[in-house]
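Just target-v1.cif here, mmCIF, C-alpha atoms:
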```
data_structure
#
loop_
_atom_site.label_atom_id
_atom_site.label_comp_id
_atom_site.auth_asym_id
_atom_site.auth_seq_id
_atom_site.Cartn_x
_atom_site.Cartn_y
_atom_site.Cartn_z
CA MET A 1 -26.40 4.24 35.18
CA THR A 2 -27.22 7.59 33.58
CA ASN A 3 -23.62 7.90 32.36
CA VAL A 4 -23.81 4.48 30.69
CA VAL A 5 -26.99 5.46 28.84
CA LEU A 6 -25.43 8.76 27.78
CA PHE A 7 -22.33 6.96 26.51
CA LEU A 8 -24.50 4.64 24.45
CA CYS A 9 -26.51 7.54 23.03
CA GLU A 10 -23.33 9.42 22.13
CA GLY A 11 -22.00 6.39 20.31
CA LEU A 12 -25.25 5.87 18.40
CA VAL A 13 -25.42 9.54 17.37
CA TYR A 14 -21.78 9.50 16.25
CA VAL A 15 -22.01 6.35 14.17
CA ALA A 16 -25.39 7.27 12.68
CA VAL A 17 -24.15 10.66 11.46
CA MET A 18 -20.78 9.44 10.19
CA VAL A 19 -22.20 6.39 8.41
CA THR A 20 -24.81 8.61 6.77
CA LEU A 21 -22.13 11.03 5.54
CA LEU A 22 -20.09 8.15 4.20
CA HIS A 23 -23.09 6.51 2.57
CA LEU A 24 -23.97 9.77 0.81
CA ARG A 25 -20.37 10.48 -0.27
CA HIS A 26 -21.22 10.17 -3.97
CA ARG A 27 -23.88 12.88 -3.60
CA LEU A 28 -22.28 15.16 -1.00
CA GLY A 29 -18.63 14.46 -1.81
CA LEU A 30 -16.14 12.53 0.27
CA GLY A 31 -14.74 15.79 1.63
CA VAL A 32 -17.78 16.19 3.91
CA PHE A 33 -17.03 12.90 5.64
CA ILE A 34 -13.29 13.65 5.91
CA ALA A 35 -13.89 17.20 7.20
CA ALA A 36 -16.24 15.85 9.88
CA LEU A 37 -13.52 13.46 11.06
CA GLY A 38 -11.06 16.35 11.25
CA VAL A 39 -13.38 18.73 13.10
CA LEU A 40 -14.12 16.13 15.76
CA HIS A 41 -10.42 15.43 16.28
CA PHE A 42 -9.81 18.43 18.53
CA ILE A 43 -12.72 17.86 20.90
CA GLU A 44 -11.93 14.17 20.94
CA THR A 45 -8.38 14.90 22.13
CA TYR A 46 -9.56 17.58 24.57
CA LEU A 47 -12.12 15.27 26.18
CA ALA A 48 -9.62 12.41 26.32
CA ALA A 49 -7.21 14.69 28.20
CA VAL A 50 -9.46 16.41 30.76
CA PHE A 51 -13.08 15.17 30.69
CA TYR A 52 -13.85 11.97 32.65
CA VAL A 53 -16.95 10.41 34.10
CA GLN A 54 -17.41 7.57 36.56
CA LEU A 55 -18.86 4.33 35.23
CA PRO A 56 -19.34 1.06 37.15
CA PHE A 57 -16.10 -0.36 35.71
CA GLY A 58 -13.88 2.72 35.96
CA VAL A 59 -13.15 6.32 35.06
CA ILE A 60 -13.91 6.92 31.37
CA SER A 61 -13.59 9.72 28.83
CA PRO A 62 -16.12 9.87 25.98
CA GLY A 63 -13.41 11.45 23.84
CA SER A 64 -11.44 8.24 23.90
CA ALA A 65 -14.12 5.56 24.22
CA VAL A 66 -16.75 7.06 21.92
CA LEU A 67 -15.10 9.46 19.49
CA PHE A 68 -11.68 7.93 18.95
CA ALA A 69 -12.90 4.33 18.82
CA GLY A 70 -15.60 5.43 16.40
CA LYS A 71 -13.15 7.34 14.22
CA LEU A 72 -10.79 4.39 13.90
CA LEU A 73 -13.60 2.06 12.85
CA MET A 74 -14.89 4.74 10.47
CA ILE A 75 -11.48 4.76 8.81
CA LEU A 76 -11.69 0.99 8.44
CA LEU A 77 -15.21 1.34 7.04
CA LEU A 78 -13.96 3.92 4.53
CA TYR A 79 -11.28 1.46 3.43
CA VAL A 80 -13.82 -1.34 3.02
CA LYS A 81 -16.17 0.88 1.01
CA GLU A 82 -13.42 2.52 -1.06
CA ASP A 83 -9.70 1.60 -1.15
CA ALA A 84 -6.32 2.24 0.45
CA ALA A 85 -5.58 5.26 -1.76
CA THR A 86 -8.77 6.95 -0.51
CA VAL A 87 -8.41 6.12 3.17
CA ARG A 88 -4.93 7.57 3.40
CA GLN A 89 -6.34 11.06 2.71
CA PRO A 90 -7.85 11.65 6.18
CA ILE A 91 -4.90 9.91 7.85
CA TYR A 92 -2.30 12.22 6.34
CA GLY A 93 -4.61 15.23 6.54
CA LEU A 94 -4.98 14.83 10.30
CA LEU A 95 -1.24 14.31 10.68
CA ALA A 96 -0.42 17.44 8.68
CA GLY A 97 -3.02 19.51 10.54
CA ASN A 98 -1.61 18.58 13.90
CA PHE A 99 1.96 19.35 12.89
CA ILE A 100 0.71 22.82 11.92
CA THR A 101 -1.10 23.15 15.28
CA VAL A 102 2.07 22.41 17.22
CA ALA A 103 4.17 24.77 15.08
CA LEU A 104 1.67 27.63 15.39
CA SER A 105 1.30 27.16 19.15
CA LEU A 106 5.05 27.58 19.51
CA LEU A 107 4.93 30.79 17.46
CA LEU A 108 1.87 32.15 19.31
CA GLN A 109 3.71 31.95 22.62
CA MET A 110 6.26 34.45 21.28
CA HIS A 111 3.62 37.20 20.90
CA GLN A 112 3.40 40.09 23.34
CA THR A 113 -0.33 40.04 24.09
CA VAL A 114 -2.75 42.63 25.49
CA SER A 115 -6.02 42.12 27.35
CA ALA A 116 -8.78 43.30 25.01
CA VAL A 117 -11.62 41.46 26.77
CA SER A 118 -11.96 41.79 30.53
CA ASN A 119 -11.34 38.67 32.63
CA ARG A 120 -10.38 36.67 29.54
CA SER A 121 -6.93 35.60 28.39
CA ALA A 122 -5.60 32.91 26.11
CA ASP A 123 -4.27 29.83 27.85
CA LEU A 124 -1.35 29.25 25.50
CA ALA A 125 0.15 26.63 27.75
CA PHE A 126 -3.05 24.64 27.38
CA ILE A 127 -2.99 25.10 23.59
CA ASP A 128 0.60 23.93 23.54
CA GLU A 129 -0.23 20.89 25.66
CA MET A 130 -3.22 20.06 23.48
CA GLY A 131 -1.12 20.45 20.37
CA TRP A 132 1.41 17.89 21.56
CA LEU A 133 -1.33 15.54 22.72
CA MET A 134 -3.07 15.85 19.36
CA LEU A 135 0.19 15.24 17.55
CA TRP A 136 0.91 12.15 19.62
CA GLY A 137 -2.67 10.99 19.16
CA THR A 138 -2.43 11.48 15.40
CA LEU A 139 0.84 9.58 15.18
CA LEU A 140 -0.90 6.77 17.06
CA LEU A 141 -3.87 7.09 14.71
CA TYR A 142 -1.51 6.74 11.76
CA LEU A 143 -0.10 3.50 13.17
CA ASP A 144 -3.58 2.36 14.25
CA SER A 145 -4.95 2.94 10.76
CA LEU A 146 -2.18 0.96 9.08
CA LEU A 147 -2.55 -1.84 11.61
CA ILE A 148 -6.33 -2.10 11.48
CA ILE A 149 -6.44 -2.21 7.66
CA LEU A 150 -3.59 -4.70 7.31
CA LEU A 151 -5.05 -6.86 10.10
CA TYR A 152 -8.48 -6.72 8.43
CA GLU A 153 -6.97 -8.10 5.23
CA ARG A 154 -4.75 -10.61 7.01
CA ILE A 155 -7.55 -12.27 8.94
CA GLY A 156 -9.86 -12.13 5.94
CA ARG A 157 -8.74 -15.56 4.78
CA TRP A 158 -10.07 -17.09 8.04
CA THR A 159 -13.11 -14.87 8.56
CA ARG A 160 -14.28 -14.37 5.00
CA GLY A 161 -17.98 -13.55 4.98
CA PHE A 162 -18.04 -12.64 8.71
CA LEU A 163 -17.63 -8.87 8.45
CA THR A 164 -18.85 -8.16 11.98
CA LEU A 165 -16.32 -10.60 13.43
CA ARG A 166 -13.52 -9.09 11.35
CA PHE A 167 -14.41 -5.59 12.55
CA LEU A 168 -14.58 -6.79 16.15
CA ILE A 169 -11.21 -8.57 16.11
CA CYS A 170 -9.53 -5.61 14.45
CA GLY A 171 -11.13 -3.15 16.84
CA VAL A 172 -10.20 -5.11 19.96
CA VAL A 173 -6.56 -5.60 18.94
CA VAL A 174 -5.85 -2.12 17.63
CA LEU A 175 -7.81 -0.20 20.29
CA THR A 176 -5.86 -2.10 22.95
CA PHE A 177 -2.62 -0.98 21.32
CA ASP A 178 -3.90 2.58 21.09
CA GLN A 179 -5.08 2.70 24.69
CA ALA A 180 -1.64 1.73 25.90
CA GLY A 181 0.05 4.30 23.67
CA PHE A 182 -2.23 7.23 24.50
CA TYR A 183 -2.20 6.48 28.22
CA LEU A 184 1.59 6.82 28.22
CA ALA A 185 1.21 10.41 26.98
CA LEU A 186 -1.60 11.20 29.44
CA HIS A 187 0.42 9.84 32.31
CA ALA A 188 3.54 11.77 31.29
CA LEU A 189 1.75 15.11 30.72
CA ASN A 190 -1.12 15.00 33.21
CA GLY A 191 -0.17 12.28 35.68
CA ALA A 192 -3.25 10.21 34.77
CA PRO A 193 -3.69 7.30 37.23
CA ALA A 194 -3.80 3.62 36.22
CA GLU A 195 -7.59 3.48 36.61
CA VAL A 196 -7.83 5.77 33.59
CA PHE A 197 -6.04 3.14 31.51
CA TRP A 198 -8.14 0.19 32.69
CA GLY A 199 -11.46 2.02 32.62
CA GLY A 200 -10.70 3.40 29.16
CA TRP A 201 -9.66 -0.02 27.88
CA ILE A 202 -12.89 -1.65 29.06
CA ALA A 203 -14.92 1.17 27.53
CA LYS A 204 -13.08 0.83 24.22
CA MET A 205 -13.75 -2.89 24.17
CA GLY A 206 -17.43 -2.17 24.70
CA ALA A 207 -17.32 0.44 21.94
CA ALA A 208 -15.65 -2.07 19.62
CA ILE A 209 -18.53 -4.50 20.20
CA VAL A 210 -21.26 -1.90 19.66
CA TYR A 211 -19.65 -0.29 16.61
CA SER A 212 -18.81 -3.67 15.05
CA LEU A 213 -22.42 -4.82 15.35
CA ILE A 214 -23.74 -1.60 13.81
CA LEU A 215 -21.19 -1.44 11.00
CA GLY A 216 -21.54 -5.14 10.29
CA ALA A 217 -25.29 -4.70 9.91
CA TYR A 218 -24.78 -1.65 7.70
CA LEU A 219 -22.33 -3.50 5.43
CA HIS A 220 -24.67 -6.48 5.26
CA PHE A 221 -27.52 -4.35 3.95
CA SER A 222 -25.32 -2.28 1.62
CA SER A 223 -23.11 -5.12 0.36
CA HIS A 224 -23.98 -4.33 -3.25
CA SER A 225 -21.68 -1.30 -3.03
CA LEU A 226 -18.71 -3.02 -1.45
CA SER A 227 -15.44 -2.91 -3.34
CA VAL A 228 -13.55 -6.18 -3.45
CA VAL A 229 -9.83 -6.04 -2.67
CA ARG A 230 -7.57 -8.61 -4.29
CA GLN A 231 -4.25 -6.89 -3.63
CA PRO A 232 -1.44 -8.55 -1.69
CA ILE A 233 -0.85 -7.13 1.81
CA GLY A 234 2.43 -5.58 0.68
CA ASP A 235 0.71 -3.62 -2.09
CA ILE A 236 -1.92 -2.30 0.33
CA PHE A 237 0.84 -1.15 2.70
CA ASN A 238 2.67 0.50 -0.22
CA THR A 239 -0.49 2.43 -1.13
CA LEU A 240 -1.18 3.54 2.44
CA THR A 241 2.37 4.80 2.82
CA PHE A 242 2.52 6.43 -0.65
CA ARG A 243 5.19 3.96 -1.75
CA GLU A 244 3.32 3.41 -5.00
CA ARG A 245 3.97 7.09 -5.80
CA TYR A 246 7.67 6.37 -5.38
CA GLU A 247 7.31 3.36 -7.64
CA ASP A 248 5.50 5.50 -10.19
CA LEU A 249 8.40 7.95 -10.09
CA LEU A 250 10.75 5.01 -10.43
CA SER A 251 8.83 3.81 -13.49
CA ARG A 252 9.67 7.11 -15.17
CA SER A 253 13.35 6.45 -14.59
CA GLY A 254 15.35 3.22 -14.77
CA ARG A 255 15.16 3.13 -18.55
CA ASP A 256 17.89 2.14 -20.94
CA MET A 257 19.06 5.21 -22.85
CA LEU A 258 19.59 3.38 -26.15
CA THR A 259 16.52 1.15 -26.46
CA GLY A 260 14.06 2.96 -24.18
CA VAL A 261 13.06 -0.24 -22.35
CA LEU A 262 13.53 -0.83 -18.63
CA ASP A 263 17.11 -1.44 -17.56
CA ARG A 264 18.78 -4.01 -15.32
CA SER A 265 18.33 -1.95 -12.14
CA ARG A 266 14.59 -1.92 -12.76
CA PHE A 267 14.63 -5.66 -13.40
CA GLU A 268 16.35 -6.28 -10.06
CA PHE A 269 13.72 -4.10 -8.38
CA GLU A 270 10.61 -5.35 -10.19
CA ALA A 271 11.33 -9.03 -10.77
CA PRO A 272 11.36 -10.21 -7.12
CA ARG A 273 8.06 -8.42 -6.46
CA LEU A 274 6.34 -9.75 -9.59
CA ILE A 275 7.53 -13.31 -8.98
CA ARG A 276 6.63 -13.17 -5.27
CA ASN A 277 3.13 -11.89 -6.03
CA ALA A 278 2.59 -14.63 -8.61
CA VAL A 279 3.71 -17.33 -6.20
CA MET A 280 1.59 -15.96 -3.32
CA SER A 281 -1.52 -15.73 -5.50
CA GLY A 282 -1.08 -19.25 -6.87
CA SER A 283 -0.54 -17.92 -10.39
CA VAL A 284 2.40 -18.54 -12.73
CA ILE A 285 5.05 -16.32 -14.26
CA SER A 286 7.64 -17.09 -16.93
CA LEU A 287 11.05 -15.54 -17.57
CA ILE A 288 12.35 -15.39 -21.14
CA MET A 289 16.06 -14.65 -21.59
CA ILE A 290 17.00 -13.41 -25.09
CA ASP A 291 20.50 -12.87 -26.51
CA ALA A 292 21.35 -11.49 -29.96
CA ASP A 293 23.58 -13.94 -31.80
CA HIS A 294 27.08 -12.88 -32.96
CA PHE A 295 26.41 -9.30 -31.92
CA LYS A 296 30.10 -8.57 -31.35
CA SER A 297 30.82 -9.40 -34.97
CA ILE A 298 28.16 -6.88 -36.08
CA ASN A 299 29.95 -4.16 -34.11
CA ASP A 300 33.32 -5.29 -35.48
CA ARG A 301 32.17 -5.41 -39.12
CA PHE A 302 29.87 -2.39 -39.33
CA GLY A 303 30.77 -0.22 -36.34
CA HIS A 304 28.97 0.66 -33.15
CA LEU A 305 26.43 2.99 -34.75
CA GLU A 306 25.16 0.12 -36.87
CA GLY A 307 25.29 -2.13 -33.81
CA ASP A 308 23.11 0.36 -31.93
CA ARG A 309 20.62 0.48 -34.81
CA VAL A 310 20.41 -3.31 -34.92
CA LEU A 311 19.93 -3.49 -31.16
CA LYS A 312 17.05 -1.01 -31.30
CA SER A 313 15.51 -2.98 -34.16
CA VAL A 314 15.75 -6.18 -32.10
CA THR A 315 14.07 -4.34 -29.20
CA ASP A 316 11.24 -3.13 -31.45
CA ALA A 317 10.70 -6.64 -32.83
CA ILE A 318 10.51 -8.11 -29.33
CA GLN A 319 8.13 -5.42 -28.07
CA ALA A 320 5.83 -5.94 -31.03
CA GLY A 321 5.35 -9.56 -29.96
CA LEU A 322 4.53 -8.89 -26.30
CA ARG A 323 1.25 -8.41 -24.46
CA PRO A 324 0.55 -5.08 -22.72
CA ASN A 325 1.19 -6.66 -19.30
CA ASP A 326 4.52 -8.28 -20.23
CA HIS A 327 7.66 -6.61 -18.89
CA LEU A 328 10.72 -6.14 -21.12
CA PHE A 329 14.14 -5.29 -19.68
CA ARG A 330 17.54 -4.77 -21.26
CA TYR A 331 19.57 -6.94 -18.96
CA GLY A 332 22.97 -5.99 -20.33
CA GLY A 333 24.76 -5.60 -23.67
CA GLU A 334 22.71 -7.55 -26.20
CA GLU A 335 20.77 -9.52 -23.56
CA PHE A 336 17.08 -8.95 -22.81
CA VAL A 337 14.70 -10.41 -20.22
CA VAL A 338 10.93 -10.65 -20.57
CA LEU A 339 8.71 -11.39 -17.55
CA CYS A 340 5.33 -12.78 -18.55
CA GLU A 341 2.72 -12.84 -15.78
CA GLY A 342 0.09 -15.56 -16.03
CA LEU A 343 1.96 -17.40 -18.80
CA ASP A 344 2.71 -21.07 -18.06
CA HIS A 345 5.80 -22.82 -19.40
CA GLY A 346 4.22 -24.21 -22.55
CA SER A 347 2.69 -20.87 -23.48
CA ALA A 348 5.98 -19.11 -22.69
CA LEU A 349 7.84 -21.44 -25.07
CA SER A 350 5.34 -20.61 -27.82
CA ARG A 351 5.72 -16.90 -27.09
CA ALA A 352 9.52 -17.19 -27.18
CA GLU A 353 9.37 -18.96 -30.55
CA GLN A 354 7.17 -16.17 -31.91
CA LEU A 355 9.71 -13.59 -30.70
CA ARG A 356 12.55 -15.53 -32.35
CA LEU A 357 10.70 -15.57 -35.66
CA ARG A 358 9.88 -11.85 -35.41
CA VAL A 359 13.55 -10.98 -35.03
CA LEU A 360 14.59 -13.42 -37.76
CA GLY A 361 12.04 -12.05 -40.21
CA GLY A 362 12.24 -8.39 -39.32
CA VAL A 363 15.82 -7.43 -38.39
CA THR A 364 18.79 -7.30 -40.73
CA THR A 365 22.22 -5.69 -40.82
CA SER A 366 23.18 -3.05 -43.37
CA ASP A 367 24.24 -5.76 -45.84
CA GLN A 368 20.82 -7.42 -45.49
CA SER A 369 22.13 -10.33 -43.40
CA ALA A 370 19.49 -11.74 -41.04
CA VAL A 371 19.89 -11.14 -37.31
CA THR A 372 18.99 -14.04 -35.04
CA VAL A 373 18.52 -14.56 -31.31
CA SER A 374 18.94 -17.46 -28.89
CA ILE A 375 16.38 -17.84 -26.11
CA GLY A 376 16.13 -19.67 -22.78
CA VAL A 377 12.83 -19.99 -20.88
CA ALA A 378 12.07 -20.75 -17.20
CA SER A 379 8.74 -20.72 -15.36
CA THR A 380 7.26 -21.01 -11.89
CA PRO A 381 6.71 -23.26 -10.09
CA THR A 382 8.61 -26.01 -11.95
CA ASP A 383 11.87 -24.09 -12.29
CA GLY A 384 11.70 -22.37 -8.90
CA THR A 385 9.89 -19.61 -7.06
CA THR A 386 12.49 -16.82 -6.86
CA MET A 387 14.18 -14.47 -9.29
CA ARG A 388 17.48 -16.25 -8.74
CA ASP A 389 15.93 -19.64 -9.55
CA LEU A 390 14.32 -18.50 -12.80
CA LEU A 391 17.28 -16.44 -13.93
CA SER A 392 19.67 -19.33 -13.33
CA LYS A 393 17.55 -21.82 -15.28
CA ALA A 394 16.90 -19.37 -18.13
CA TYR A 395 20.61 -18.58 -18.41
CA MET A 396 21.50 -22.27 -18.50
CA ARG A 397 18.95 -22.87 -21.27
CA LEU A 398 20.07 -19.80 -23.20
CA TYR A 399 23.61 -21.12 -23.37
CA GLU A 400 22.31 -24.53 -24.33
CA ALA A 401 20.60 -22.78 -27.25
CA LYS A 402 23.96 -21.23 -28.15
CA ARG A 403 25.60 -24.64 -27.95
CA ARG A 404 22.97 -26.12 -30.29
CA GLY A 405 23.91 -23.65 -33.00
CA ARG A 406 21.97 -20.49 -31.99
CA ASN A 407 18.70 -19.15 -33.44
CA CYS A 408 16.57 -21.47 -31.32
CA VAL A 409 14.51 -21.67 -28.12
CA VAL A 410 15.37 -24.02 -25.23
CA GLY A 411 13.03 -24.61 -22.33
CA ASN A 412 13.92 -27.97 -20.83
CA ALA A 413 17.68 -28.43 -20.75
#
```

How would this structure read if it were set down as structure tokens?
Amino acid sequence: MTNVVLFLCEGLVYVAVMVTLLHLRHRLGLGVFIAALGVLHFIETYLAAVFYVQLPFGVISPGSAVLFAGKLLMILLLYVKEDAATVRQPIYGLLAGNFITVALSLLLQMHQTVSAVSNRSADLAFIDEMGWLMLWGTLLLYLDSLLIILLYERIGRWTRGFLTLRFLICGVVVLTFDQAGFYLALHALNGAPAEVFWGGWIAKMGAAIVYSLILGAYLHFSSHSLSVVRQPIGDIFNTLTFRERYEDLLSRSGRDMLTGVLDRSRFEFEAPRLIRNAVMSGSVISLIMIDADHFKSINDRFGHLEGDRVLKSVTDAIQAGLRPNDHLFRYGGEEFVVLCEGLDHGSALSRAEQLRLRVLGGVTTSDQSAVTVSIGVASTPTDGTTMRDLLSKAYMRLYEAKRRGRNCVVGNA
């Protein structure tokens, strides 16, 4: 019974200190909390590998049941209090640190050592074993962290307002996955018996209950500082895995060299995501397809340099009539596509008419002839819920505008 009481005390001390560090992050800095997680990682792995005690329901290690379970739920708490971009810092920091540990342990074993202190020598084999265990444990932690955050958001629609229950469900599911994964490594390296798995699993389930109750109570009394997440699951995953950095890099490329707006490759990348997010959130999005009328004749009459100038002037006129959150793409040749988030079909038709008038009133050829555009408009959900649906309808309406004599907007053909 003494061991049970000690386990409970260890858990209470751990969660009290870590929650305090997290709560004071704006005064002390978030680095204090993250560094504490990192420092505890070694002893957590060491205890999970070699230090066990007997409890009524099995053989348990406090490294696994107390420290690791606590760390995983602390990472979830950090996400709840901050965001995905913040919580990925300790995840990748631990992963990088353990890669360095493994690499250095391999190099250390190449040294020719001397005995400078009597009866003491470095157990490099143990360091090497611990390095690999820590690396495996950190890889599991990486997967665990992604899973627990995505699961937290996924079940939020059914457990909204029940933070303790959400923490408990996430803890039970992900700690079960982790116990199975870490036991495989323990069994392979140390020959750990099956009772280590079952005892550790029961202890982790108990830890999930205790930690969930404590963290749920903490969040309840500090709810004024909670950040509210409204991102789709896919966007959260992209942030956790640094994909948004790739997308930021992509945003700096994928631009049309002549007009400076996004090109067709960017449209084919961005449009499905924007339309999918709008559909999933119950919002609307409209696609406006614009084509410069008789553009070939401008090139034929005045040359391609004048054609390029006219095309850039058309682009400027369109951009001047867009909102900051509208997305303009050069789809090909003299064709442009505008994606308007949150704009229903009626509003999109009005916006398209404004764009037509801007081009008509502001763009001319070198002989002062007016340049006109034909426009087709399609919107979710009436015209479909995919890029292909909207593009097909907008194209059809664009060519109906051409058939009607050009210089007009069609949204219902």

Enumerate, as a PDB file with C-alpha atoms, in the coordinates of the input, the residues matched when the PyMOL selection byres ((chain A and resi 134) around 12) is run on the file above.
```pdb
ATOM      1  CA  GLY A  38     -11.060  16.350  11.250  1.00  0.00           C
ATOM      2  CA  LEU A  40     -14.120  16.130  15.760  1.00  0.00           C
ATOM      3  CA  HIS A  41     -10.420  15.430  16.280  1.00  0.00           C
ATOM      4  CA  PHE A  42      -9.810  18.430  18.530  1.00  0.00           C
ATOM      5  CA  ILE A  43     -12.720  17.860  20.900  1.00  0.00           C
ATOM      6  CA  GLU A  44     -11.930  14.170  20.940  1.00  0.00           C
ATOM      7  CA  THR A  45      -8.380  14.900  22.130  1.00  0.00           C
ATOM      8  CA  TYR A  46      -9.560  17.580  24.570  1.00  0.00           C
ATOM      9  CA  LEU A  47     -12.120  15.270  26.180  1.00  0.00           C
ATOM     10  CA  ALA A  48      -9.620  12.410  26.320  1.00  0.00           C
ATOM     11  CA  ALA A  49      -7.210  14.690  28.200  1.00  0.00           C
ATOM     12  CA  PHE A  68     -11.680   7.930  18.950  1.00  0.00           C
ATOM     13  CA  LEU A  94      -4.980  14.830  10.300  1.00  0.00           C
ATOM     14  CA  LEU A  95      -1.240  14.310  10.680  1.00  0.00           C
ATOM     15  CA  ALA A  96      -0.420  17.440   8.680  1.00  0.00           C
ATOM     16  CA  GLY A  97      -3.020  19.510  10.540  1.00  0.00           C
ATOM     17  CA  ASN A  98      -1.610  18.580  13.900  1.00  0.00           C
ATOM     18  CA  PHE A  99       1.960  19.350  12.890  1.00  0.00           C
ATOM     19  CA  ILE A 100       0.710  22.820  11.920  1.00  0.00           C
ATOM     20  CA  THR A 101      -1.100  23.150  15.280  1.00  0.00           C
ATOM     21  CA  VAL A 102       2.070  22.410  17.220  1.00  0.00           C
ATOM     22  CA  PHE A 126      -3.050  24.640  27.380  1.00  0.00           C
ATOM     23  CA  ILE A 127      -2.990  25.100  23.590  1.00  0.00           C
ATOM     24  CA  ASP A 128       0.600  23.930  23.540  1.00  0.00           C
ATOM     25  CA  GLU A 129      -0.230  20.890  25.660  1.00  0.00           C
ATOM     26  CA  MET A 130      -3.220  20.060  23.480  1.00  0.00           C
ATOM     27  CA  GLY A 131      -1.120  20.450  20.370  1.00  0.00           C
ATOM     28  CA  TRP A 132       1.410  17.890  21.560  1.00  0.00           C
ATOM     29  CA  LEU A 133      -1.330  15.540  22.720  1.00  0.00           C
ATOM     30  CA  LEU A 135       0.190  15.240  17.550  1.00  0.00           C
ATOM     31  CA  TRP A 136       0.910  12.150  19.620  1.00  0.00           C
ATOM     32  CA  GLY A 137      -2.670  10.990  19.160  1.00  0.00           C
ATOM     33  CA  THR A 138      -2.430  11.480  15.400  1.00  0.00           C
ATOM     34  CA  LEU A 139       0.840   9.580  15.180  1.00  0.00           C
ATOM     35  CA  LEU A 140      -0.900   6.770  17.060  1.00  0.00           C
ATOM     36  CA  LEU A 141      -3.870   7.090  14.710  1.00  0.00           C
ATOM     37  CA  TYR A 142      -1.510   6.740  11.760  1.00  0.00           C
ATOM     38  CA  PHE A 182      -2.230   7.230  24.500  1.00  0.00           C
ATOM     39  CA  ALA A 185       1.210  10.410  26.980  1.00  0.00           C
ATOM     40  CA  LEU A 186      -1.600  11.200  29.440  1.00  0.00           C
TER      41      LEU A 186
END
```

Expressed in Å to a single decimal, how great is the separation between atom CA of Tyr14 of chain A and atom CA of Ala65 of chain A? 11.7 Å

As a check of understanding, name the residues that the PyMOL selection byres ((chain A and resi 267-270) around 10) selects in the supplied structure, as a list in words. Glu247, Leu250, Ser251, Gly254, Leu262, Asp263, Arg264, Ser265, Arg266, Ala271, Pro272, Arg273, Leu274, Ile275, His327, Leu328, Phe329, Arg330, Tyr331, Val337, Val338, Leu339 and Met387 of chain A

Print the selection's residues with C-alpha atoms to a file, as a CSV table (one decimal), in the frame of the given file.
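That gives us selection-v7.csv:
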```csv
chain,number,residue,atom,x,y,z
A,247,GLU,CA,7.3,3.4,-7.6
A,250,LEU,CA,10.8,5.0,-10.4
A,251,SER,CA,8.8,3.8,-13.5
A,254,GLY,CA,15.4,3.2,-14.8
A,262,LEU,CA,13.5,-0.8,-18.6
A,263,ASP,CA,17.1,-1.4,-17.6
A,264,ARG,CA,18.8,-4.0,-15.3
A,265,SER,CA,18.3,-2.0,-12.1
A,266,ARG,CA,14.6,-1.9,-12.8
A,271,ALA,CA,11.3,-9.0,-10.8
A,272,PRO,CA,11.4,-10.2,-7.1
A,273,ARG,CA,8.1,-8.4,-6.5
A,274,LEU,CA,6.3,-9.8,-9.6
A,275,ILE,CA,7.5,-13.3,-9.0
A,327,HIS,CA,7.7,-6.6,-18.9
A,328,LEU,CA,10.7,-6.1,-21.1
A,329,PHE,CA,14.1,-5.3,-19.7
A,330,ARG,CA,17.5,-4.8,-21.3
A,331,TYR,CA,19.6,-6.9,-19.0
A,337,VAL,CA,14.7,-10.4,-20.2
A,338,VAL,CA,10.9,-10.6,-20.6
A,339,LEU,CA,8.7,-11.4,-17.6
A,387,MET,CA,14.2,-14.5,-9.3
```

For the PyMOL selection byres ((chain A and resi 151-163) around 9), applied here, can you spell out every residue it catches as a list in words? Leu76, Leu146, Leu147, Ile148, Ile149, Leu150, Thr164, Leu165, Arg166, Phe167, Leu168, Ile169, Cys170, Val174, Ser212, Leu215, Gly216, Ala217, Leu219, His220, Val229, Pro232 and Ile233 of chain A

Can you pull out the residues contacting Leu311 of chain A? Cut-off 10 Å, using all atoms listed in the file, and skip same-chain residues under 6 positions away; I want them as a PyMOL selection string. chain A and resi 258-259+292+295+305+317+333-335+363+371

By how many Å are atom CA of Val5 of chain A and atom CA of Gln179 of chain A apart?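 About the pair atom CA of Val5 of chain A and atom CA of Gln179 of chain A: they are 22.5 Å apart.
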
Surrounding residues of Leu8 of chain A excluding itself and chain neighbours under 2 positions, 12 Å, only C-alpha atoms, as a PyMOL selection string: chain A and resi 1-6+10-15+62+65-67+203+206-207+209-211

Can you sort out the box for segment 12-16 of chain A, edges along x, y and z, all listed atoms in, 3 Å on every side, with centre and edge lengths in Å to one decimal, as lines of an AutoDock Vina configuration file?
```
center_x = -23.6
center_y = 7.7
center_z = 15.5
size_x = 9.6
size_y = 9.7
size_z = 11.7
```

Calculate how many Å separate atom CA of Gly411 of chain A from atom CA of His345 of chain A, rounding to one decimal.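 Interatomic distance here is 8.0 Å.
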
Here is a test: counting only C-alpha atoms, which residue of A:Arg120, A:Tyr52, A:His23, A:Met110 is nearest to Val196 of chain A?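 That would be A:Tyr52, the residue with the smallest distance to Val196 of chain A.
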
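Taking all atoms listed in the file into account, the residues near (5.7, -20.4, -29.6), no farther than 12 Å, are Ile288, Gly321, Leu343, Asp344, His345, Gly346, Ser347, Ala348, Leu349, Ser350, Arg351, Ala352, Glu353, Gln354, Leu355, Arg356, Leu357, Arg358, Ile375, Val377, Cys408, Val409, Val410 and Gly411 of chain A.
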
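Among the candidate residues A:Leu213, A:Ile298, A:Leu77, A:Val53, the one lying nearest to Ser369 of chain A is A:Ile298, with distances computed using all atoms listed in the file.
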
Nearest to Gln319 of chain A among A:Ile290, A:Thr365, A:Arg406, A:Val261, with distances taken over only C-alpha atoms: which residue is it? A:Val261
